[in-house]
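The file my_file_32.cif comes next; it holds mmCIF, C-alpha atoms.
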```cif
data_work
#
loop_
_atom_site.label_atom_id
_atom_site.label_comp_id
_atom_site.auth_asym_id
_atom_site.auth_seq_id
_atom_site.Cartn_x
_atom_site.Cartn_y
_atom_site.Cartn_z
CA MET A 3 2.66 -64.99 84.47
CA VAL A 4 5.22 -66.18 86.99
CA SER A 5 4.65 -65.90 90.73
CA SER A 6 7.77 -67.68 92.02
CA TYR A 7 11.27 -66.60 91.01
CA ILE A 8 14.64 -65.26 92.15
CA ALA A 9 14.90 -61.48 91.73
CA VAL A 10 18.61 -60.76 91.39
CA ASP A 11 20.97 -57.86 90.81
CA LEU A 12 24.75 -57.57 90.65
CA GLU A 13 27.20 -54.76 91.12
CA THR A 14 30.33 -55.22 89.02
CA THR A 15 33.62 -53.51 88.18
CA GLY A 16 32.36 -52.89 84.63
CA LEU A 17 29.98 -54.05 81.92
CA ASP A 18 31.94 -56.86 80.21
CA PRO A 19 31.68 -60.31 81.85
CA LYS A 20 34.86 -61.35 80.01
CA LEU A 21 36.90 -58.55 81.57
CA ASP A 22 35.09 -57.35 84.68
CA LYS A 23 34.30 -58.89 88.05
CA VAL A 24 31.35 -59.14 90.43
CA ILE A 25 31.64 -57.06 93.60
CA GLU A 26 28.16 -57.60 95.10
CA ILE A 27 25.23 -59.97 94.67
CA GLY A 28 21.76 -59.29 96.03
CA ALA A 29 18.75 -61.52 95.52
CA VAL A 30 15.34 -62.32 96.98
CA ARG A 31 13.49 -65.61 96.73
CA VAL A 32 9.87 -64.90 95.78
CA LEU A 33 7.26 -67.63 96.27
CA ASP A 34 3.66 -67.02 95.24
CA GLY A 35 4.41 -63.33 94.86
CA GLN A 36 5.88 -62.88 98.36
CA ILE A 37 9.53 -62.39 99.39
CA ARG A 38 10.49 -65.39 101.52
CA GLU A 39 14.28 -65.19 101.82
CA VAL A 40 17.15 -62.82 101.08
CA PHE A 41 20.68 -63.38 99.72
CA GLU A 42 23.28 -60.61 99.97
CA THR A 43 27.07 -60.60 99.88
CA PHE A 44 30.08 -58.63 98.72
CA VAL A 45 32.53 -60.46 96.44
CA ASN A 46 36.30 -59.96 96.31
CA PRO A 47 37.22 -58.90 92.74
CA HIS A 48 40.98 -58.99 93.47
CA ARG A 49 41.43 -55.55 91.97
CA LYS A 50 41.10 -51.93 93.01
CA LEU A 51 37.74 -50.37 92.28
CA GLU A 52 37.63 -47.57 89.74
CA GLU A 53 36.55 -44.18 91.06
CA GLU A 54 33.46 -44.28 88.84
CA VAL A 55 32.35 -47.61 90.33
CA ALA A 56 32.87 -46.40 93.89
CA ALA A 57 30.99 -43.18 93.17
CA LEU A 58 28.08 -45.00 91.52
CA THR A 59 27.63 -47.76 94.10
CA GLY A 60 29.12 -46.32 97.27
CA ILE A 61 31.12 -49.54 97.63
CA ARG A 62 34.73 -49.11 98.76
CA ASP A 63 37.84 -51.28 98.43
CA GLY A 64 37.81 -52.07 102.13
CA GLN A 65 34.36 -53.65 101.87
CA VAL A 66 35.34 -56.12 99.16
CA GLU A 67 38.95 -56.89 100.06
CA SER A 68 37.88 -59.17 102.92
CA ALA A 69 34.81 -60.54 101.11
CA PRO A 70 34.51 -64.18 99.99
CA GLU A 71 35.75 -65.35 96.60
CA ILE A 72 33.35 -65.69 93.65
CA GLU A 73 34.12 -69.43 93.67
CA GLU A 74 32.53 -69.70 97.12
CA VAL A 75 29.74 -67.22 96.48
CA ILE A 76 28.49 -68.77 93.25
CA LYS A 77 27.96 -72.13 94.93
CA ALA A 78 25.97 -70.50 97.72
CA PHE A 79 23.92 -68.50 95.24
CA LEU A 80 23.04 -71.54 93.14
CA GLU A 81 21.89 -73.35 96.26
CA PHE A 82 19.78 -70.31 97.20
CA ALA A 83 18.28 -70.03 93.70
CA GLY A 84 17.36 -73.68 93.31
CA ASP A 85 15.52 -74.28 90.02
CA LEU A 86 13.55 -71.03 90.04
CA PRO A 87 13.71 -68.62 87.07
CA LEU A 88 15.67 -65.40 87.45
CA LEU A 89 14.08 -61.96 87.34
CA GLY A 90 15.95 -58.72 86.85
CA HIS A 91 16.16 -55.42 85.02
CA HIS A 92 18.18 -56.41 81.93
CA VAL A 93 18.51 -59.83 83.52
CA ILE A 94 20.83 -61.22 80.82
CA PHE A 95 23.56 -58.91 82.16
CA ASP A 96 23.40 -60.46 85.63
CA TYR A 97 23.00 -63.96 84.19
CA SER A 98 26.14 -63.59 82.03
CA PHE A 99 28.34 -62.88 85.06
CA LEU A 100 26.69 -65.60 87.15
CA LYS A 101 26.90 -68.23 84.43
CA ARG A 102 30.56 -67.46 83.73
CA ALA A 103 31.33 -67.93 87.43
CA ALA A 104 29.34 -71.17 87.53
CA VAL A 105 30.96 -72.64 84.42
CA ASN A 106 34.41 -71.85 85.78
CA GLN A 107 33.53 -74.05 88.77
CA GLY A 108 32.26 -76.85 86.53
CA LEU A 109 28.66 -76.15 87.56
CA ASN A 110 25.63 -76.30 85.27
CA PHE A 111 23.60 -73.11 85.23
CA GLU A 112 20.87 -73.01 82.59
CA ARG A 113 17.93 -70.80 83.51
CA ARG A 114 14.75 -69.20 82.32
CA GLY A 115 14.32 -65.53 83.06
CA ILE A 116 11.99 -62.55 83.24
CA ASP A 117 13.32 -59.18 82.09
CA THR A 118 11.61 -56.15 83.60
CA LEU A 119 13.54 -53.90 81.18
CA LYS A 120 11.84 -55.57 78.20
CA LEU A 121 8.50 -55.15 79.94
CA ALA A 122 9.26 -51.49 80.65
CA ARG A 123 10.03 -50.93 76.97
CA ARG A 124 6.68 -52.49 76.09
CA PHE A 125 4.50 -50.60 78.55
CA MET A 126 6.23 -47.22 79.01
CA PRO A 127 6.01 -44.27 76.59
CA PRO A 128 8.88 -44.17 74.06
CA GLU A 129 10.16 -40.82 75.32
CA LYS A 130 10.57 -42.09 78.90
CA LYS A 131 13.86 -43.49 80.18
CA LYS A 132 13.66 -47.22 80.88
CA ASN A 133 16.36 -47.73 83.51
CA LEU A 134 15.31 -49.29 86.81
CA LYS A 135 14.97 -46.01 88.68
CA ALA A 136 12.93 -44.38 85.92
CA ALA A 137 10.69 -47.44 85.50
CA CYS A 138 10.04 -47.61 89.23
CA GLU A 139 9.12 -43.92 89.29
CA TYR A 140 6.74 -44.38 86.35
CA PHE A 141 4.95 -47.32 87.96
CA GLY A 142 4.95 -45.83 91.45
CA VAL A 143 7.44 -48.25 93.00
CA GLU A 144 9.42 -46.72 95.84
CA MET A 145 13.22 -46.97 95.64
CA ASN A 146 15.15 -45.98 98.76
CA LEU A 147 18.56 -46.87 97.34
CA SER A 148 19.83 -47.45 93.80
CA HIS A 149 22.94 -49.17 92.44
CA ARG A 150 23.16 -51.51 95.40
CA ALA A 151 22.46 -55.13 94.62
CA LEU A 152 19.82 -56.12 97.17
CA ALA A 153 17.91 -52.84 96.89
CA ASP A 154 17.79 -53.14 93.10
CA ALA A 155 16.75 -56.81 93.28
CA ARG A 156 13.85 -55.87 95.56
CA ALA A 157 12.92 -52.98 93.29
CA SER A 158 12.85 -55.28 90.24
CA HIS A 159 10.52 -57.63 92.09
CA PHE A 160 8.10 -54.88 93.08
CA LEU A 161 8.30 -53.36 89.60
CA TYR A 162 7.29 -56.68 88.04
CA GLN A 163 4.40 -57.05 90.47
CA GLU A 164 3.16 -53.55 89.68
CA MET A 165 3.38 -54.09 85.93
CA VAL A 166 1.40 -57.30 86.31
CA LYS A 167 -1.29 -55.37 88.18
CA CYS A 168 -1.46 -52.73 85.47
CA HIS A 169 -1.20 -54.88 82.34
CA GLY A 170 -1.49 -58.53 83.36
CA GLU A 171 -5.10 -59.08 82.42
CA GLU A 172 -4.89 -57.87 78.83
CA GLU A 173 -1.34 -59.05 78.05
CA PHE A 174 -0.65 -61.89 80.48
CA SER A 175 1.44 -63.85 77.94
CA VAL A 176 4.32 -61.33 77.95
CA PHE A 177 4.87 -61.80 81.69
CA GLY A 178 6.12 -65.37 81.35
CA SER A 179 9.72 -66.53 81.54
CA GLN A 180 12.00 -67.23 78.59
CA ASP A 181 15.20 -69.21 78.15
CA LEU A 182 18.28 -67.16 79.00
CA ILE A 183 20.92 -67.68 76.33
CA TYR A 184 24.55 -66.95 77.14
CA LYS A 185 27.27 -69.27 75.87
CA VAL A 186 30.55 -69.40 77.74
CA LYS A 187 33.51 -71.77 78.02
CA LYS A 188 35.44 -72.53 81.16
CA GLU A 189 38.40 -70.21 81.61
CA GLN A 190 41.82 -71.79 81.99
CA PRO A 191 44.24 -70.62 84.70
CA ALA A 192 47.26 -68.62 83.63
CA SER A 193 50.50 -70.55 83.32
CA LYS A 194 53.57 -69.86 85.43
CA ARG A 195 55.38 -68.66 82.30
CA GLN A 196 52.61 -66.16 81.51
CA LYS A 197 52.71 -64.74 85.04
CA GLU A 198 56.49 -64.43 84.99
CA HIS A 199 56.44 -62.69 81.62
CA LEU A 200 53.82 -60.22 82.82
CA GLN A 201 55.75 -59.51 86.01
CA ASP A 202 58.90 -58.88 83.94
CA LEU A 203 57.01 -56.42 81.72
CA LEU A 204 55.55 -54.61 84.72
CA LYS A 205 58.97 -54.29 86.33
CA TYR A 206 60.67 -53.24 83.10
CA HIS A 207 58.12 -50.52 82.27
CA LYS A 208 57.58 -49.55 85.94
CA ILE A 209 53.85 -50.24 85.77
CA VAL A 210 51.60 -50.86 88.79
CA LEU A 211 48.48 -52.89 88.00
CA SER A 212 45.21 -52.45 89.86
CA VAL A 213 44.50 -56.19 89.53
CA GLN A 214 46.09 -59.09 91.38
CA THR A 215 47.88 -61.20 88.77
CA ASP A 216 47.59 -64.43 90.74
CA HIS A 217 43.84 -64.41 90.13
CA LEU A 218 43.92 -63.79 86.37
CA SER A 219 42.88 -66.42 83.84
CA ARG A 220 44.97 -67.37 80.82
CA ASN A 221 42.93 -65.13 78.51
CA GLU A 222 42.91 -62.22 80.96
CA ILE A 223 46.66 -62.23 81.48
CA SER A 224 47.19 -62.58 77.73
CA ARG A 225 45.05 -59.51 77.03
CA ILE A 226 46.87 -57.43 79.64
CA THR A 227 50.27 -58.52 78.32
CA ASP A 228 49.31 -57.67 74.73
CA ARG A 229 47.97 -54.28 75.80
CA ILE A 230 51.19 -53.42 77.67
CA ILE A 231 53.37 -54.45 74.72
CA ALA A 232 51.22 -52.44 72.30
CA GLN A 233 51.43 -49.34 74.50
CA TYR A 234 54.95 -49.54 75.94
CA GLY A 235 56.82 -52.02 73.78
CA ARG A 236 58.65 -55.26 74.49
CA ILE A 237 61.55 -55.77 76.87
CA ARG A 238 64.74 -54.80 75.04
CA GLU A 239 67.74 -57.02 75.35
CA ARG A 240 70.67 -55.33 77.04
#
```
Can I see the file as structure tokens?
Amino acid sequence: MVSSYIAVDLETTGLDPKLDKVIEIGAVRVLDGQIREVFETFVNPHRKLEEEVAALTGIRDGQVESAPEIEEVIKAFLEFAGDLPLLGHHVIFDYSFLKRAAVNQGLNFERRGIDTLKLARRFMPPEKKKNLKAACEYFGVEMNLSHRALADARASHFLYQEMVKCHGEEEFSVFGSQDLIYKVKKEQPASKRQKEHLQDLLKYHKIVLSVQTDHLSRNEISRITDRIIAQYGRIRER
């Protein structure tokens, strides 16, 4: 069993770390089972939030537009986390976004982790939902707010502690940390030619993007360009 860790949760614009962006990070540093310090910040995704994201999280464009960049936030988070393992509900999801941000800054970020979702699947009845809210209800952990990063990070911590109390003696080995495996390469910035081509396509087809093109990587801008051409066609010579 692990008594010291970083319980972490992210809110994002979507579920794919290759396409979507972090909009909020919440974390608590737990030492010997007790919360010692808190980390919480919005992150500027440089895109408009979808209605579904705003409805789910309650986060609005105005809250993230003036927030710090992920390049600044990831450095602060790594300093906060130190060498401690990460804990979260489906922790590999949060780790994938964090590691991608770290690698893009040339930072090493290899971690061990504890997944409360895996533990919930082990100890909860098959017919029960295993999301964070449902798991907390099953184990009697109070949740005042869901789908906000710091509140969910705290809830994951208390959920882990409660599961240890209930099942730690007979199955202590499953409460340890494991290597988190997510392979990612550093993203390359988009070239001037790529940006100009995209801007020409947007103007030609009268399209307004919800993302800021200056902050797109080479792969991101390539995917958007290909999608526009597939849907609307190329620029015709006059």
Would you pick out the contacts of Val55 of chain A at 12 Å or less, using all atoms listed in the file, so that residues sharing its chain but fewer than 2 positions from it are not included, and give the list as a tab-separated table (two decimals) with C-alpha atoms, in the frame of the given file?
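Dumped everything to selection-v9.tsv:
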```tsv
chain	number	residue	atom	x	y	z
A	13	GLU	CA	27.20	-54.76	91.12
A	14	THR	CA	30.33	-55.22	89.02
A	15	THR	CA	33.62	-53.51	88.18
A	16	GLY	CA	32.36	-52.89	84.63
A	17	LEU	CA	29.98	-54.05	81.92
A	22	ASP	CA	35.09	-57.35	84.68
A	23	LYS	CA	34.30	-58.89	88.05
A	24	VAL	CA	31.35	-59.14	90.43
A	25	ILE	CA	31.64	-57.06	93.60
A	26	GLU	CA	28.16	-57.60	95.10
A	50	LYS	CA	41.10	-51.93	93.01
A	51	LEU	CA	37.74	-50.37	92.28
A	52	GLU	CA	37.63	-47.57	89.74
A	53	GLU	CA	36.55	-44.18	91.06
A	57	ALA	CA	30.99	-43.18	93.17
A	58	LEU	CA	28.08	-45.00	91.52
A	59	THR	CA	27.63	-47.76	94.10
A	60	GLY	CA	29.12	-46.32	97.27
A	61	ILE	CA	31.12	-49.54	97.63
A	62	ARG	CA	34.73	-49.11	98.76
A	63	ASP	CA	37.84	-51.28	98.43
A	149	HIS	CA	22.94	-49.17	92.44
A	150	ARG	CA	23.16	-51.51	95.40
```
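Here atom CA of Ala103 of chain A stands at a distance of 14.7 Å from atom CA of Phe44 of chain A.
Checking A:Met3, A:Glu71, A:Glu54, A:Ile230 one by one against Lys167 of chain A, counting all atoms listed in the file, you find the shortest gap at A:Met3.
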*May I have the protein, DNA and RNA residues with an atom at most 8 Å from (10.4, -65.4, 81.0), counting all atoms listed in the file in the file's coordinates, returned as a PyMOL selection string?*
chain A and resi 4+87+114-117+176-181
*Would you list the residues near (38.1, -73.5, 79.5) (no more than 10 Å away, in the coordinates of the file, using only C-alpha atoms) as a PyMOL selection string?*
chain A and resi 105-106+108+186-191+219-221
Hey, can you spit out that residue selection with C-alpha atoms as a PDB file, in the frame of the given file?
```
ATOM      1  CA  VAL A 105      30.960 -72.640  84.420  1.00  0.00           C
ATOM      2  CA  ASN A 106      34.410 -71.850  85.780  1.00  0.00           C
ATOM      3  CA  GLY A 108      32.260 -76.850  86.530  1.00  0.00           C
ATOM      4  CA  VAL A 186      30.550 -69.400  77.740  1.00  0.00           C
ATOM      5  CA  LYS A 187      33.510 -71.770  78.020  1.00  0.00           C
ATOM      6  CA  LYS A 188      35.440 -72.530  81.160  1.00  0.00           C
ATOM      7  CA  GLU A 189      38.400 -70.210  81.610  1.00  0.00           C
ATOM      8  CA  GLN A 190      41.820 -71.790  81.990  1.00  0.00           C
ATOM      9  CA  PRO A 191      44.240 -70.620  84.700  1.00  0.00           C
ATOM     10  CA  SER A 219      42.880 -66.420  83.840  1.00  0.00           C
ATOM     11  CA  ARG A 220      44.970 -67.370  80.820  1.00  0.00           C
ATOM     12  CA  ASN A 221      42.930 -65.130  78.510  1.00  0.00           C
TER      13      ASN A 221
END
```
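Interatomic distance, atom CA of Ala29 of chain A against atom CA of His92 of chain A: 14.5 Å.
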*From the set A:Ser212, A:Tyr184, A:Gln201, A:Val32, which residue has the shortest atom-to-atom contact distance to Thr227 of chain A, counting only C-alpha atoms?*
A:Gln201
*Which one is closest to Ile76 of chain A: A:Gln163, A:Gln107, A:Gln233, A:Asn46? Count all atoms listed in the file.*
A:Gln107
*What does the distance between atom CA of Phe160 of chain A and atom CA of Phe79 of chain A come to in Å, to one decimal place?*
21.0 Å
*Could you spell out the hits of the PyMOL selection byres ((chain A and resi 200) around 12) on the shown file, as a ChimeraX atom specification?*
/A:192-199,201-211,214-216,218,220,222-231,236-237
*Identify which of the residues A:Ala232, A:Val45, A:Ile94, A:Val10 lies closest to Leu80 of chain A, counting only C-alpha atoms when measuring atom-to-atom distances.*
A:Val10
*Find, counting all atoms listed in the file, the residue in A:Lys77, A:Ala122, A:Leu152, A:Gln65 that gets nearest to Glu39 of chain A.*
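Distance minimum relative to Glu39 of chain A lands on A:Leu152.
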*asked:* Could you tell me, as a PyMOL selection string, exactly which residues end up selected when the PyMOL selection byres ((chain A and resi 123) around 12) is applied to this structure?
replied: chain A and resi 91-92+117-122+124-134+136-137+140+165+176
Just to be explicit: take each residue in the selection above, keep C-alpha atoms, and write the result as a JSON list (two decimals), in the frame of the given file.
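Now in selection.json:
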```json
[["chain", "number", "residue", "atom", "x", "y", "z"],
["A", 91, "HIS", "CA", 16.16, -55.42, 85.02],
["A", 92, "HIS", "CA", 18.18, -56.41, 81.93],
["A", 117, "ASP", "CA", 13.32, -59.18, 82.09],
["A", 118, "THR", "CA", 11.61, -56.15, 83.60],
["A", 119, "LEU", "CA", 13.54, -53.90, 81.18],
["A", 120, "LYS", "CA", 11.84, -55.57, 78.20],
["A", 121, "LEU", "CA", 8.50, -55.15, 79.94],
["A", 122, "ALA", "CA", 9.26, -51.49, 80.65],
["A", 124, "ARG", "CA", 6.68, -52.49, 76.09],
["A", 125, "PHE", "CA", 4.50, -50.60, 78.55],
["A", 126, "MET", "CA", 6.23, -47.22, 79.01],
["A", 127, "PRO", "CA", 6.01, -44.27, 76.59],
["A", 128, "PRO", "CA", 8.88, -44.17, 74.06],
["A", 129, "GLU", "CA", 10.16, -40.82, 75.32],
["A", 130, "LYS", "CA", 10.57, -42.09, 78.90],
["A", 131, "LYS", "CA", 13.86, -43.49, 80.18],
["A", 132, "LYS", "CA", 13.66, -47.22, 80.88],
["A", 133, "ASN", "CA", 16.36, -47.73, 83.51],
["A", 134, "LEU", "CA", 15.31, -49.29, 86.81],
["A", 136, "ALA", "CA", 12.93, -44.38, 85.92],
["A", 137, "ALA", "CA", 10.69, -47.44, 85.50],
["A", 140, "TYR", "CA", 6.74, -44.38, 86.35],
["A", 165, "MET", "CA", 3.38, -54.09, 85.93],
["A", 176, "VAL", "CA", 4.32, -61.33, 77.95]]
```
Centre, x/y/z edge lengths, axis-aligned box for segment 188-205 of chain A with 6 Å per side, as lines of an AutoDock Vina configuration file:
```
center_x = 47.2
center_y = -63.4
center_z = 83.7
size_x = 35.5
size_y = 30.2
size_z = 17.2
```
Could you rebuild segment 193-205 of chain A with N, CA and C atoms and give it back as a PDB file, in the coordinates of the input?
```
ATOM      1  N   SER A 193      49.331 -69.704  83.071  1.00  0.00           N
ATOM      2  CA  SER A 193      50.500 -70.550  83.320  1.00  0.00           C
ATOM      3  C   SER A 193      51.555 -69.763  84.103  1.00  0.00           C
ATOM      4  N   LYS A 194      52.471 -70.487  84.690  1.00  0.00           N
ATOM      5  CA  LYS A 194      53.570 -69.860  85.430  1.00  0.00           C
ATOM      6  C   LYS A 194      54.399 -68.974  84.503  1.00  0.00           C
ATOM      7  N   ARG A 195      54.602 -69.427  83.274  1.00  0.00           N
ATOM      8  CA  ARG A 195      55.380 -68.660  82.300  1.00  0.00           C
ATOM      9  C   ARG A 195      54.685 -67.344  81.963  1.00  0.00           C
ATOM     10  N   GLN A 196      53.364 -67.382  81.787  1.00  0.00           N
ATOM     11  CA  GLN A 196      52.610 -66.160  81.510  1.00  0.00           C
ATOM     12  C   GLN A 196      52.744 -65.151  82.651  1.00  0.00           C
ATOM     13  N   LYS A 197      52.614 -65.632  83.878  1.00  0.00           N
ATOM     14  CA  LYS A 197      52.710 -64.740  85.040  1.00  0.00           C
ATOM     15  C   LYS A 197      54.093 -64.119  85.146  1.00  0.00           C
ATOM     16  N   GLU A 198      55.120 -64.934  84.909  1.00  0.00           N
ATOM     17  CA  GLU A 198      56.490 -64.430  84.990  1.00  0.00           C
ATOM     18  C   GLU A 198      56.760 -63.389  83.919  1.00  0.00           C
ATOM     19  N   HIS A 199      56.250 -63.644  82.713  1.00  0.00           N
ATOM     20  CA  HIS A 199      56.440 -62.690  81.620  1.00  0.00           C
ATOM     21  C   HIS A 199      55.756 -61.363  81.932  1.00  0.00           C
ATOM     22  N   LEU A 200      54.540 -61.436  82.457  1.00  0.00           N
ATOM     23  CA  LEU A 200      53.820 -60.220  82.820  1.00  0.00           C
ATOM     24  C   LEU A 200      54.563 -59.454  83.910  1.00  0.00           C
ATOM     25  N   GLN A 201      55.026 -60.162  84.925  1.00  0.00           N
ATOM     26  CA  GLN A 201      55.750 -59.510  86.010  1.00  0.00           C
ATOM     27  C   GLN A 201      57.023 -58.830  85.488  1.00  0.00           C
ATOM     28  N   ASP A 202      57.701 -59.478  84.545  1.00  0.00           N
ATOM     29  CA  ASP A 202      58.900 -58.880  83.940  1.00  0.00           C
ATOM     30  C   ASP A 202      58.544 -57.600  83.193  1.00  0.00           C
ATOM     31  N   LEU A 203      57.447 -57.609  82.452  1.00  0.00           N
ATOM     32  CA  LEU A 203      57.010 -56.420  81.720  1.00  0.00           C
ATOM     33  C   LEU A 203      56.663 -55.282  82.679  1.00  0.00           C
ATOM     34  N   LEU A 204      55.945 -55.624  83.742  1.00  0.00           N
ATOM     35  CA  LEU A 204      55.550 -54.610  84.720  1.00  0.00           C
ATOM     36  C   LEU A 204      56.777 -53.962  85.361  1.00  0.00           C
ATOM     37  N   LYS A 205      57.744 -54.798  85.699  1.00  0.00           N
ATOM     38  CA  LYS A 205      58.970 -54.290  86.330  1.00  0.00           C
ATOM     39  C   LYS A 205      59.769 -53.443  85.350  1.00  0.00           C
TER      40      LYS A 205
END
```
